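The next block is structure-v4.txt, given as compact mmCIF, C-alpha atoms and all ligand atoms.
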# COMPACT_ATOMS: atom_id res chain seq x y z
CA MET A 1 -13.11 54.45 3.49
CA PRO A 2 -13.42 52.58 6.77
CA VAL A 3 -16.56 50.62 7.48
CA LYS A 4 -18.95 52.69 9.59
CA ILE A 5 -21.30 51.23 12.20
CA GLY A 6 -23.96 53.34 13.95
CA LEU A 7 -25.37 52.65 17.43
CA ILE A 8 -29.06 53.43 17.75
CA GLY A 9 -31.71 52.72 20.36
CA LYS A 10 -33.94 54.05 23.08
CA THR A 11 -32.34 56.40 25.57
CA ASN A 12 -30.51 54.83 28.55
CA THR A 13 -30.03 51.40 26.96
CA GLY A 14 -26.20 51.61 27.12
CA LYS A 15 -25.17 52.90 23.67
CA THR A 16 -22.45 55.19 25.01
CA THR A 17 -21.21 52.50 27.42
CA PHE A 18 -20.93 50.14 24.43
CA PHE A 19 -19.17 52.89 22.45
CA ASN A 20 -16.70 53.70 25.25
CA SER A 21 -15.85 50.03 25.79
CA ALA A 22 -15.18 49.50 22.08
CA THR A 23 -13.26 52.73 21.44
CA LEU A 24 -11.71 53.32 24.89
CA GLN A 25 -13.09 56.85 24.85
CA SER A 26 -14.74 58.55 27.81
CA ALA A 27 -17.95 59.97 26.36
CA GLU A 28 -20.49 60.92 29.02
CA VAL A 29 -22.59 58.10 30.47
CA SER A 30 -25.33 58.67 33.02
CA THR A 31 -28.59 57.34 34.39
CA TYR A 32 -30.43 60.44 33.11
CA PRO A 33 -32.36 60.12 29.85
CA PHE A 34 -30.88 61.77 26.72
CA THR A 35 -27.33 62.11 28.03
CA THR A 36 -25.80 62.00 24.55
CA LYS A 37 -26.78 65.25 22.81
CA ALA A 38 -24.59 65.04 19.70
CA PRO A 39 -23.07 61.99 18.00
CA ASN A 40 -19.73 60.63 19.28
CA PHE A 41 -17.32 59.30 16.67
CA GLY A 42 -14.56 56.82 17.44
CA VAL A 43 -12.36 54.02 16.17
CA ALA A 44 -13.26 50.46 17.15
CA HIS A 45 -11.93 47.21 15.71
CA VAL A 46 -13.13 43.96 14.27
CA VAL A 47 -11.07 40.88 14.99
CA THR A 48 -10.14 37.98 12.75
CA LEU A 49 -7.55 35.22 12.82
CA CYS A 50 -4.44 36.66 11.13
CA VAL A 51 -2.98 34.74 8.16
CA HIS A 52 0.64 35.11 9.33
CA LYS A 53 0.64 31.80 11.24
CA GLU A 54 -0.69 29.89 8.26
CA PHE A 55 2.13 31.32 6.11
CA GLY A 56 4.67 30.70 8.84
CA VAL A 57 5.95 34.30 8.91
CA LYS A 58 6.25 37.07 11.48
CA ASP A 59 4.23 40.12 10.47
CA ASN A 60 4.75 43.90 10.76
CA PRO A 61 1.20 45.27 10.79
CA LYS A 62 0.73 48.88 9.66
CA ASN A 63 -2.94 49.70 9.13
CA SER A 64 -4.05 47.25 11.82
CA ARG A 65 -2.64 45.44 14.85
CA CYS A 66 -1.83 41.80 15.52
CA GLU A 67 -2.12 40.41 19.03
CA ASP A 68 -1.65 36.73 19.94
CA GLY A 69 -2.45 35.77 16.35
CA TRP A 70 -5.56 37.98 16.12
CA ARG A 71 -5.73 40.86 13.60
CA PHE A 72 -7.54 43.94 14.89
CA ILE A 73 -8.88 45.92 11.93
CA PRO A 74 -10.08 49.50 12.50
CA ILE A 75 -13.67 50.52 11.78
CA GLU A 76 -15.55 53.70 12.61
CA LEU A 77 -18.16 53.58 15.36
CA VAL A 78 -20.81 56.29 15.82
CA ASP A 79 -22.73 56.65 19.09
CA LEU A 80 -26.02 58.40 18.40
CA PRO A 81 -28.33 60.35 20.69
CA GLY A 82 -31.04 58.18 22.25
CA LEU A 83 -34.52 57.97 20.83
CA ILE A 84 -37.93 57.72 22.39
CA LYS A 85 -41.39 56.96 21.03
CA GLY A 86 -42.66 60.06 19.22
CA ALA A 87 -39.22 61.54 18.50
CA TRP A 88 -39.98 61.82 14.79
CA MET A 89 -42.75 64.34 15.51
CA GLY A 90 -40.10 66.86 16.39
CA LYS A 91 -39.46 66.01 20.02
CA GLY A 92 -36.10 64.49 19.08
CA LEU A 93 -33.31 65.46 16.78
CA GLY A 94 -35.05 64.56 13.54
CA ASN A 95 -33.18 64.94 10.33
CA LEU A 96 -29.80 65.55 11.92
CA PHE A 97 -30.10 62.16 13.62
CA LEU A 98 -31.27 60.47 10.48
CA SER A 99 -28.55 61.90 8.28
CA VAL A 100 -25.79 60.80 10.66
CA ALA A 101 -27.37 57.36 11.12
CA ALA A 102 -27.76 57.07 7.37
CA GLN A 103 -24.06 57.50 6.74
CA SER A 104 -23.44 54.19 8.53
CA ASP A 105 -23.02 51.00 6.53
CA ALA A 106 -24.92 49.07 9.19
CA LEU A 107 -26.72 49.79 12.45
CA ILE A 108 -26.54 48.11 15.83
CA HIS A 109 -29.85 48.56 17.62
CA ILE A 110 -29.17 48.42 21.36
CA VAL A 111 -32.02 47.45 23.67
CA ASP A 112 -32.11 47.14 27.46
CA ALA A 113 -32.89 43.42 27.79
CA SER A 114 -33.47 43.72 31.54
CA GLY A 115 -36.43 46.02 30.95
CA SER A 116 -35.12 48.71 33.29
CA VAL A 117 -35.96 51.80 31.20
CA ASP A 118 -39.50 53.17 31.49
CA ALA A 119 -41.70 54.80 28.81
CA GLU A 120 -40.18 58.25 29.46
CA GLY A 121 -36.66 56.84 29.22
CA ARG A 122 -35.92 56.92 32.97
CA ILE A 123 -34.08 54.08 34.72
CA ALA A 124 -36.58 51.85 36.57
CA GLU A 125 -36.62 48.47 38.33
CA PRO A 126 -35.46 45.62 36.05
CA GLY A 127 -38.42 43.64 34.78
CA THR A 128 -40.81 46.60 34.67
CA GLY A 129 -40.14 47.61 31.06
CA ASP A 130 -40.80 45.68 27.86
CA PRO A 131 -37.74 45.39 25.58
CA VAL A 132 -39.72 43.70 22.81
CA ALA A 133 -42.04 46.72 22.63
CA ASP A 134 -39.03 49.08 22.90
CA ILE A 135 -37.45 47.58 19.77
CA GLY A 136 -40.72 47.96 17.86
CA ASP A 137 -41.11 51.59 19.01
CA ILE A 138 -37.62 52.58 17.88
CA GLU A 139 -37.99 50.79 14.55
CA GLU A 140 -41.25 52.68 14.07
CA GLU A 141 -39.42 55.95 14.80
CA LEU A 142 -36.91 55.30 12.06
CA VAL A 143 -39.61 54.34 9.60
CA MET A 144 -41.60 57.49 10.40
CA TRP A 145 -38.65 59.59 9.27
CA TYR A 146 -38.50 57.70 6.00
CA LEU A 147 -42.25 58.11 5.64
CA LYS A 148 -42.10 61.83 6.43
CA LEU A 149 -39.50 62.32 3.70
CA ILE A 150 -41.62 60.47 1.15
CA LEU A 151 -44.76 62.40 2.08
CA THR A 152 -43.10 65.81 1.92
CA ASN A 153 -41.77 64.96 -1.53
CA GLN A 154 -45.05 63.72 -2.99
CA ASP A 155 -45.39 66.67 -5.38
CA ARG A 156 -41.85 66.15 -6.58
CA ILE A 157 -42.54 62.47 -7.31
CA GLU A 158 -45.68 63.35 -9.25
CA ARG A 159 -43.81 66.01 -11.26
CA ASP A 160 -41.01 63.52 -12.00
CA LEU A 161 -43.45 60.84 -13.13
CA LYS A 162 -45.08 63.32 -15.51
CA ARG A 163 -41.66 64.03 -16.99
CA ASP A 164 -41.21 60.27 -17.51
CA VAL A 165 -38.65 59.94 -14.72
CA ASP A 166 -39.24 56.50 -13.17
CA LEU A 167 -40.30 56.16 -9.52
CA ALA A 168 -37.02 54.57 -8.34
CA THR A 169 -34.93 57.39 -9.82
CA SER A 170 -37.25 60.00 -8.35
CA VAL A 171 -37.14 58.50 -4.84
CA GLU A 172 -33.37 58.07 -5.00
CA GLY A 173 -33.17 61.74 -5.93
CA PHE A 174 -34.39 62.99 -2.55
CA MET A 175 -33.32 60.05 -0.36
CA GLN A 176 -29.74 59.43 -1.42
CA GLY A 177 -28.62 61.76 1.36
CA ILE A 178 -29.78 59.11 3.82
CA GLY A 179 -28.13 56.26 1.97
CA VAL A 180 -31.03 55.09 -0.21
CA LYS A 181 -29.97 53.86 -3.62
CA LYS A 182 -32.07 53.13 -6.69
CA GLU A 183 -31.56 49.39 -6.22
CA HIS A 184 -32.96 49.66 -2.67
CA VAL A 185 -36.07 51.40 -4.00
CA LEU A 186 -36.54 48.73 -6.67
CA GLN A 187 -36.09 45.97 -4.08
CA ALA A 188 -38.66 47.60 -1.77
CA LEU A 189 -41.13 48.01 -4.66
CA GLU A 190 -40.62 44.35 -5.56
CA GLU A 191 -40.94 43.03 -1.98
CA THR A 192 -44.12 44.99 -1.28
CA GLY A 193 -45.62 44.14 -4.69
CA LEU A 194 -46.07 47.89 -5.28
CA ILE A 195 -44.04 47.61 -8.45
CA ARG A 196 -47.30 46.50 -10.06
CA LYS A 197 -49.42 49.38 -8.71
CA ASP A 198 -49.49 52.88 -10.22
CA TYR A 199 -47.96 55.31 -7.70
CA LEU A 200 -50.87 57.72 -8.18
CA ASN A 201 -53.19 55.01 -6.79
CA TRP A 202 -51.14 54.25 -3.64
CA ASN A 203 -53.12 54.56 -0.40
CA GLU A 204 -51.77 55.46 3.05
CA LYS A 205 -51.00 51.85 3.92
CA ASP A 206 -49.09 51.31 0.68
CA THR A 207 -46.84 54.29 1.38
CA LYS A 208 -46.19 53.11 4.93
CA ASP A 209 -45.44 49.53 3.80
CA PHE A 210 -43.04 50.97 1.25
CA ALA A 211 -41.30 53.11 3.91
CA TRP A 212 -40.90 50.07 6.24
CA THR A 213 -39.41 47.91 3.53
CA LEU A 214 -37.16 50.69 2.26
CA ARG A 215 -35.75 51.21 5.78
CA ASP A 216 -35.17 47.47 6.01
CA VAL A 217 -33.36 46.95 2.74
CA SER A 218 -31.31 50.16 2.81
CA LYS A 219 -29.87 49.83 6.31
CA PRO A 220 -28.88 46.35 7.55
CA THR A 221 -29.30 46.08 11.32
CA ILE A 222 -28.57 43.67 14.16
CA ILE A 223 -30.06 43.78 17.65
CA VAL A 224 -27.85 43.84 20.74
CA ALA A 225 -29.68 42.78 23.92
CA ASN A 226 -27.69 44.72 26.50
CA LYS A 227 -27.57 44.64 30.34
CA MET A 228 -27.58 40.82 30.38
CA ASP A 229 -25.95 41.07 33.83
CA LEU A 230 -29.25 42.28 35.35
CA PRO A 231 -32.26 40.24 36.52
CA HIS A 232 -35.03 39.49 33.99
CA ALA A 233 -32.63 39.90 31.05
CA GLU A 234 -32.40 36.20 30.26
CA GLY A 235 -36.15 35.69 29.93
CA ASN A 236 -36.53 38.84 27.86
CA PHE A 237 -33.63 37.79 25.65
CA GLY A 238 -35.55 34.62 24.73
CA ARG A 239 -38.64 36.68 23.89
CA ILE A 240 -36.64 39.10 21.74
CA CYS A 241 -35.13 36.19 19.78
CA GLU A 242 -38.61 34.76 19.22
CA GLU A 243 -40.23 38.04 18.18
CA TYR A 244 -37.34 39.07 15.93
CA SER A 245 -36.52 35.65 14.50
CA ASP A 246 -35.64 37.23 11.14
CA MET A 247 -32.84 39.28 12.71
CA ILE A 248 -29.52 38.54 14.42
CA VAL A 249 -29.81 39.11 18.19
CA ILE A 250 -26.69 39.19 20.37
CA PRO A 251 -26.68 39.21 24.19
CA SER A 252 -24.24 41.65 25.78
CA SER A 253 -23.08 43.44 28.87
CA ALA A 254 -21.43 46.66 27.74
CA GLU A 255 -20.74 47.51 31.38
CA ALA A 256 -18.78 44.25 31.82
CA GLU A 257 -16.75 44.95 28.66
CA LEU A 258 -16.00 48.48 29.88
CA THR A 259 -14.80 47.15 33.24
CA LEU A 260 -12.53 44.59 31.54
CA ARG A 261 -11.11 47.09 29.03
CA ARG A 262 -10.38 49.67 31.73
CA ALA A 263 -8.75 47.02 33.94
CA GLU A 264 -6.64 45.90 30.97
CA GLN A 265 -5.64 49.52 30.25
CA LYS A 266 -4.45 49.91 33.83
CA GLY A 267 -2.47 46.67 33.59
CA TYR A 268 -4.55 44.82 36.20
CA ILE A 269 -5.58 42.04 33.85
CA LYS A 270 -4.61 40.51 30.51
CA TYR A 271 -7.70 40.49 28.31
CA ILE A 272 -8.14 40.26 24.56
CA PRO A 273 -11.51 41.76 23.54
CA GLY A 274 -13.93 39.06 22.51
CA GLU A 275 -12.18 36.27 24.40
CA GLU A 276 -14.00 34.21 26.97
CA ARG A 277 -11.35 34.54 29.65
CA PHE A 278 -9.01 37.07 31.20
CA LYS A 279 -6.05 36.68 33.50
CA THR A 280 -5.51 38.72 36.65
CA ILE A 281 -1.97 40.05 36.60
CA GLU A 282 -1.55 41.67 39.98
CA PRO A 283 -4.32 40.53 42.32
CA SER A 284 -2.77 42.39 45.24
CA LYS A 285 -3.35 45.75 43.50
CA LEU A 286 -7.10 45.19 43.15
CA THR A 287 -9.53 46.62 45.67
CA ASP A 288 -12.20 44.28 47.09
CA LYS A 289 -14.77 46.04 44.92
CA GLN A 290 -12.72 45.49 41.76
CA LYS A 291 -12.16 41.83 42.69
CA TRP A 292 -15.89 41.42 43.21
CA ALA A 293 -16.71 43.05 39.87
CA LEU A 294 -14.20 40.89 37.95
CA ASN A 295 -15.47 37.75 39.68
CA PHE A 296 -19.04 38.68 38.84
CA ILE A 297 -18.13 39.13 35.17
CA ARG A 298 -16.34 35.78 35.13
CA LYS A 299 -19.20 33.91 36.79
CA VAL A 300 -22.29 35.63 35.42
CA ILE A 301 -21.28 36.80 31.95
CA LEU A 302 -18.31 34.87 30.60
CA SER A 303 -19.22 31.42 31.91
CA GLN A 304 -22.73 31.72 30.53
CA TYR A 305 -22.32 33.65 27.27
CA PHE A 306 -18.57 33.10 26.57
CA HIS A 307 -17.99 36.81 25.92
CA THR A 308 -19.40 40.22 26.86
CA GLY A 309 -20.98 40.56 23.41
CA VAL A 310 -19.42 43.91 22.47
CA GLN A 311 -16.57 42.66 20.28
CA PHE A 312 -18.73 39.79 19.06
CA ALA A 313 -21.48 42.19 17.92
CA LEU A 314 -19.01 44.31 15.94
CA ASN A 315 -17.56 41.20 14.28
CA VAL A 316 -21.00 39.88 13.40
CA ALA A 317 -22.09 43.25 11.98
CA VAL A 318 -19.07 43.44 9.69
CA PHE A 319 -18.46 39.81 8.75
CA LYS A 320 -21.97 38.29 8.83
CA LEU A 321 -24.38 41.16 8.21
CA LEU A 322 -22.24 43.14 5.74
CA LYS A 323 -20.46 39.97 4.54
CA MET A 324 -17.07 41.69 4.43
CA SER A 325 -13.94 39.72 3.51
CA THR A 326 -10.45 40.35 4.85
CA VAL A 327 -7.83 40.70 2.11
CA TYR A 328 -4.08 41.29 2.48
CA PRO A 329 -2.47 43.19 -0.42
CA VAL A 330 1.31 42.81 -0.67
CA TYR A 331 4.05 43.97 -3.06
CA ASP A 332 6.38 40.99 -3.00
CA GLN A 333 4.77 37.63 -3.57
CA LYS A 334 7.64 35.68 -1.95
CA THR A 335 8.33 37.69 1.18
CA LEU A 336 4.68 38.83 1.52
CA SER A 337 5.96 42.32 2.20
CA ASP A 338 5.49 45.90 1.03
CA LYS A 339 8.27 47.86 -0.71
CA ASP A 340 9.85 48.62 2.66
CA GLY A 341 9.99 44.99 3.68
CA ASN A 342 7.06 45.07 6.11
CA VAL A 343 5.49 41.61 6.13
CA LEU A 344 1.68 41.46 5.72
CA PRO A 345 1.47 45.18 6.58
CA ASP A 346 -2.15 45.84 5.68
CA VAL A 347 -5.47 44.12 5.68
CA HIS A 348 -8.53 45.55 3.95
CA LEU A 349 -12.20 44.91 4.60
CA MET A 350 -13.76 44.34 1.20
CA PRO A 351 -17.49 43.96 0.49
CA TYR A 352 -18.68 40.60 -0.78
CA GLY A 353 -18.12 40.36 -4.54
CA SER A 354 -15.19 42.83 -4.70
CA THR A 355 -12.54 42.19 -7.33
CA ILE A 356 -8.78 42.58 -7.54
CA ALA A 357 -9.41 45.87 -9.39
CA ASP A 358 -11.49 47.09 -6.39
CA LEU A 359 -8.68 46.12 -4.02
CA ALA A 360 -6.13 48.09 -6.08
CA LYS A 361 -8.40 51.16 -5.93
CA GLU A 362 -8.53 50.85 -2.13
CA VAL A 363 -4.75 50.63 -1.90
CA HIS A 364 -3.76 53.45 -4.26
CA SER A 365 -5.35 55.14 -7.28
CA ALA A 366 -2.03 55.11 -9.17
CA LEU A 367 -1.73 51.37 -8.63
CA ALA A 368 -5.27 50.87 -9.91
CA LYS A 369 -4.56 52.82 -13.10
CA GLY A 370 -1.85 50.58 -14.47
CA LEU A 371 -3.09 47.37 -12.86
CA LEU A 372 -2.18 44.28 -14.90
CA TYR A 373 -3.14 41.32 -12.73
CA GLY A 374 -2.94 39.89 -9.22
CA ILE A 375 -1.03 36.91 -7.87
CA ASP A 376 -2.52 34.59 -5.29
CA CYS A 377 0.32 34.27 -2.78
CA ARG A 378 -0.91 30.87 -1.54
CA ASP A 379 -0.23 29.07 -4.79
CA GLY A 380 1.41 31.63 -7.12
CA ILE A 381 -1.49 31.58 -9.57
CA ARG A 382 -1.94 34.69 -11.72
CA LEU A 383 -5.45 36.10 -11.33
CA PRO A 384 -7.28 38.47 -13.69
CA ILE A 385 -8.28 41.86 -12.28
CA THR A 386 -11.94 40.77 -12.45
CA TYR A 387 -11.27 37.87 -10.03
CA LYS A 388 -13.68 38.02 -7.08
CA LEU A 389 -11.75 38.10 -3.82
CA ARG A 390 -12.26 35.52 -1.10
CA ASP A 391 -11.84 35.94 2.64
CA ARG A 392 -8.19 35.67 3.79
CA ASP A 393 -6.79 36.11 0.26
CA VAL A 394 -3.20 37.38 0.19
CA ILE A 395 -2.73 39.12 -3.15
CA SER A 396 0.31 40.63 -4.80
CA LEU A 397 -0.91 43.45 -7.05
CA VAL A 398 1.09 43.85 -10.23
CA SER A 399 0.75 47.05 -12.23
CA ALA A 400 2.68 48.53 -15.15
CA SER A 401 4.52 50.86 -12.77
CA THR A 402 5.37 48.28 -10.08
CA LYS A 403 6.20 45.31 -12.29
CA LYS A 404 9.73 44.15 -11.61
CA LYS A 405 11.93 44.27 -14.67
N1 LIG B 501 -26.15 46.77 34.50
C1 LIG B 501 -25.78 47.35 33.35
N2 LIG B 501 -25.89 48.68 33.21
C2 LIG B 501 -25.50 49.23 32.03
C3 LIG B 501 -24.96 48.46 30.96
N3 LIG B 501 -24.67 49.28 29.94
C4 LIG B 501 -24.99 50.53 30.36
N4 LIG B 501 -25.49 50.51 31.62
C5 LIG B 501 -25.95 51.66 32.43
O1 LIG B 501 -27.10 52.24 31.79
C6 LIG B 501 -27.11 53.67 32.00
C7 LIG B 501 -27.19 54.38 30.66
O2 LIG B 501 -26.00 54.14 29.94
P1 LIG B 501 -25.55 55.03 28.69
O3 LIG B 501 -24.39 54.34 28.08
O4 LIG B 501 -25.41 56.45 29.07
O5 LIG B 501 -26.87 54.86 27.79
P2 LIG B 501 -27.23 55.56 26.37
O6 LIG B 501 -28.00 54.55 25.63
O7 LIG B 501 -26.00 56.08 25.74
O8 LIG B 501 -28.18 56.75 26.83
P3 LIG B 501 -28.54 58.11 26.02
O9 LIG B 501 -27.28 58.77 25.62
O10 LIG B 501 -29.33 58.87 26.99
O11 LIG B 501 -29.37 57.66 24.87
C8 LIG B 501 -25.82 54.00 32.77
O12 LIG B 501 -26.14 54.06 34.13
C9 LIG B 501 -24.93 52.78 32.48
O13 LIG B 501 -23.97 52.56 33.50
C10 LIG B 501 -24.86 47.02 31.16
O14 LIG B 501 -24.40 46.26 30.31
N5 LIG B 501 -25.28 46.55 32.37
MG MG B 502 -25.48 57.97 25.17
Kindly present the structure from the file in structure tokens form.
Amino acid sequence: MPVKIGLIGKTNTGKTTFFNSATLQSAEVSTYPFTTKAPNFGVAHVVTLCVHKEFGVKDNPKNSRCEDGWRFIPIELVDLPGLIKGAWMGKGLGNLFLSVAAQSDALIHIVDASGSVDAEGRIAEPGTGDPVADIGDIEEELVMWYLKLILTNQDRIERDLKRDVDLATSVEGFMQGIGVKKEHVLQALEETGLIRKDYLNWNEKDTKDFAWTLRDVSKPTIIVANKMDLPHAEGNFGRICEEYSDMIVIPSSAEAELTLRRAEQKGYIKYIPGEERFKTIEPSKLTDKQKWALNFIRKVILSQYFHTGVQFALNVAVFKLLKMSTVYPVYDQKTLSDKDGNVLPDVHLMPYGSTIADLAKEVHSALAKGLLYGIDCRDGIRLPITYKLRDRDVISLVSASTKKK
């Protein structure tokens, strides 16, 4: 199952622009509020330094792509309809939104750092809006949905408790559809201290605190401060970092990334997503407007922030927030190839703590069944199937059926 990242945020903050630039799709973007009516799904990539150079081999990537030494690993990106304060009361898309958002492993909360979206979600002069308040409003929206679910299931919880079903199991029962697991409930009860208070004595504030914490622990999130190319964005970016010091905040210009990716597609420039420079290939083919736009990106975005933030945000979400490792399973330990001779064909994103047995399951269920051990292709050491994988491991999986006689 590919890693899934959801894009959430107030309307008009640039979610679809971010999505299009990362997936090279053409979903509708406009200055009107609530342009995206239903979720858009697409394939984006995270980028990591490929191991082929270290091993001194030429690779034949299959499930990913290798460009100038960088491995591009596919992930699924979901662009969600925009939110606005009060959406949970029924003005917005409610449970449909929540259930799609909940299927994501992590969320990227996109905010307009320039403050150019007003309270109704319309585009306004940069500097007139308050991105710090916008983030708080949208977070509150999400929490209200969690709270609503808890409140509408109060009778069920009480019935469960009477039947000696514990609170965590009961809550998981009606919230697993939005990605809440028993361990999340237990963590939220622990963090709020409510583990020591009888549920029947919870007051309104207790339930709300619980909903906040449950949202927090069940759905890891980073903030992307978008529209950094506009006035007022820099000052607001500093404020966002201060206010949300417990979260990762990444500056971005989705519009700049989209311009670069489209120019690259047309063959005007050579640009590797996430890099801090691009090369103009045929300057004579560019119109004055295109030249101006590319120059602006070079001077205002790349020289100041080193990247447009789009690729960087995806990498951070997968590698830092979700702590995923990249692991290369191979068949032949010596040639580092699969059965058809493809060298380093696949790379898998594995959650922190995954074992060789987990890797085998990802590759093929038949392989997992007869799995005997793994071999670390760096030093030839035989590893037990309970060995916890490390980032950049290249592992030959040996099972009863594949073992060479
Ligand atoms: N200057 C600037 N404008 C941007 C940037 N990203 C998006 N925009 C503009 O912001 C407006 C809204 O962009 P969308 O991508 O449609 O925003 P959205 O968040 O998907 O909006 P909804 O679907 O309504 O929630 C469009 O006019 C975009 O061109 C950016 O990085 N810089
Ligand atoms: Mg949109």
Requested in this report: Taking all atoms listed in the file into account, report as an MDAnalysis selection string which residues have an atom no farther than 8 Å from an atom of ligand LIG 501 (chain B).
Outcome: chainID A and resid 9:19 28:37 79:83 110 121 123 226:230 252:257
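For the atom pair formed by CA of Val132 (chain A) and CA of Ile248 (chain A), the distance is 14.2 Å, given to one decimal.
For the pair CA of Lys334 (chain A) and CA of Phe55 (chain A), the separation is 10.7 Å.
Distances to Thr207 (chain A) were evaluated for A:Cys377, A:Cys241, A:Leu149, A:Cys66 using all atoms listed in the file, and the minimum falls at A:Leu149.
From CA of Ala87 (chain A) back to CA of Asp209 (chain A), the distance works out to 20.0 Å.
Excluding region 180-191 of chain A and any residue on its chain fewer than 5 positions from it, the residues at most 10 Å away by only C-alpha atoms are Ala102, Leu167, Ala168, Thr169, Ser170, Val171, Glu172, Gly173, Phe174, Met175, Arg196, Lys197, Asp209, Phe210, Ala211, Trp212, Thr213, Leu214, Arg215, Asp216, Val217, Ser218 and Lys219 of chain A.
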Where does region 14-65 of chain A meet region 297-311 of chain A within 8 Å, residue by residue, with the nearest atom pair and distance in Å to one decimal for each, counting only C-alpha atoms, listed by chain and rising number, as a Markdown table?
| residue | atom | partner | partner_atom | distance |
| --- | --- | --- | --- | --- |
| A:Phe18 | CA | A:Val310 | CA | 6.7 |
| A:Ser21 | CA | A:Val310 | CA | 7.8 |
| A:Ala22 | CA | A:Val310 | CA | 7.0 |
| A:His45 | CA | A:Gln311 | CA | 7.9 |
| A:Val46 | CA | A:Gln311 | CA | 7.0 |
| A:Val47 | CA | A:Gln311 | CA | 7.8 |
Prev. selection, C-alpha atoms, output as a PDB file, keeping the file's coordinate frame:
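Below is the file that was written, result-v9.pdb:
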ATOM      1  CA  PHE A  18     -20.930  50.140  24.430  1.00  0.00           C
ATOM      2  CA  SER A  21     -15.850  50.030  25.790  1.00  0.00           C
ATOM      3  CA  ALA A  22     -15.180  49.500  22.080  1.00  0.00           C
ATOM      4  CA  HIS A  45     -11.930  47.210  15.710  1.00  0.00           C
ATOM      5  CA  VAL A  46     -13.130  43.960  14.270  1.00  0.00           C
ATOM      6  CA  VAL A  47     -11.070  40.880  14.990  1.00  0.00           C
TER       7      VAL A  47
END
Report task. For Lys208 (chain A), work out the shell of residues within 10 Å, counting all atoms listed in the file and skipping chain neighbours fewer than 3 positions away, then give it as a PyMOL selection string. Result -> chain A and resi 143-144+146-148+150-151+202-205+211-214
Query - Residue list as a VMD selection string for point (-16.6, 55.8, 10.9), cut-off 12 Å, all atoms listed in the file - result: chain A and resid 1 to 7 23 39 to 45 74 to 79 100 to 107
Could those selected residues go to a file with C-alpha atoms, as a PDB file, in the coordinates of the input?
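Written output follows (again-v5.pdb):
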ATOM      1  CA  MET A   1     -13.110  54.450   3.490  1.00  0.00           C
ATOM      2  CA  PRO A   2     -13.420  52.580   6.770  1.00  0.00           C
ATOM      3  CA  VAL A   3     -16.560  50.620   7.480  1.00  0.00           C
ATOM      4  CA  LYS A   4     -18.950  52.690   9.590  1.00  0.00           C
ATOM      5  CA  ILE A   5     -21.300  51.230  12.200  1.00  0.00           C
ATOM      6  CA  GLY A   6     -23.960  53.340  13.950  1.00  0.00           C
ATOM      7  CA  LEU A   7     -25.370  52.650  17.430  1.00  0.00           C
ATOM      8  CA  THR A  23     -13.260  52.730  21.440  1.00  0.00           C
ATOM      9  CA  PRO A  39     -23.070  61.990  18.000  1.00  0.00           C
ATOM     10  CA  ASN A  40     -19.730  60.630  19.280  1.00  0.00           C
ATOM     11  CA  PHE A  41     -17.320  59.300  16.670  1.00  0.00           C
ATOM     12  CA  GLY A  42     -14.560  56.820  17.440  1.00  0.00           C
ATOM     13  CA  VAL A  43     -12.360  54.020  16.170  1.00  0.00           C
ATOM     14  CA  ALA A  44     -13.260  50.460  17.150  1.00  0.00           C
ATOM     15  CA  HIS A  45     -11.930  47.210  15.710  1.00  0.00           C
ATOM     16  CA  PRO A  74     -10.080  49.500  12.500  1.00  0.00           C
ATOM     17  CA  ILE A  75     -13.670  50.520  11.780  1.00  0.00           C
ATOM     18  CA  GLU A  76     -15.550  53.700  12.610  1.00  0.00           C
ATOM     19  CA  LEU A  77     -18.160  53.580  15.360  1.00  0.00           C
ATOM     20  CA  VAL A  78     -20.810  56.290  15.820  1.00  0.00           C
ATOM     21  CA  ASP A  79     -22.730  56.650  19.090  1.00  0.00           C
ATOM     22  CA  VAL A 100     -25.790  60.800  10.660  1.00  0.00           C
ATOM     23  CA  ALA A 101     -27.370  57.360  11.120  1.00  0.00           C
ATOM     24  CA  ALA A 102     -27.760  57.070   7.370  1.00  0.00           C
ATOM     25  CA  GLN A 103     -24.060  57.500   6.740  1.00  0.00           C
ATOM     26  CA  SER A 104     -23.440  54.190   8.530  1.00  0.00           C
ATOM     27  CA  ASP A 105     -23.020  51.000   6.530  1.00  0.00           C
ATOM     28  CA  ALA A 106     -24.920  49.070   9.190  1.00  0.00           C
ATOM     29  CA  LEU A 107     -26.720  49.790  12.450  1.00  0.00           C
TER      30      LEU A 107
END
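Within 9 Å of Gln333 (chain A), once only C-alpha atoms are used and residues closer than 4 positions along the same chain are dropped, the contacting residues are Ser337, Ile375, Asp376, Cys377, Gly380, Val394, Ile395, Ser396 and Leu397 of chain A.
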Written file, previous selection with C-alpha atoms, as a PDB file, in the coordinates of the input:
ATOM      1  CA  SER A 337       5.960  42.320   2.200  1.00  0.00           C
ATOM      2  CA  ILE A 375      -1.030  36.910  -7.870  1.00  0.00           C
ATOM      3  CA  ASP A 376      -2.520  34.590  -5.290  1.00  0.00           C
ATOM      4  CA  CYS A 377       0.320  34.270  -2.780  1.00  0.00           C
ATOM      5  CA  GLY A 380       1.410  31.630  -7.120  1.00  0.00           C
ATOM      6  CA  VAL A 394      -3.200  37.380   0.190  1.00  0.00           C
ATOM      7  CA  ILE A 395      -2.730  39.120  -3.150  1.00  0.00           C
ATOM      8  CA  SER A 396       0.310  40.630  -4.800  1.00  0.00           C
ATOM      9  CA  LEU A 397      -0.910  43.450  -7.050  1.00  0.00           C
TER      10      LEU A 397
END
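Ranking A:Leu344, A:Val316, A:Val111, A:Ala293 by their shortest atom-to-atom distance to Gly56 (chain A), with only C-alpha atoms included, puts A:Leu344 first.
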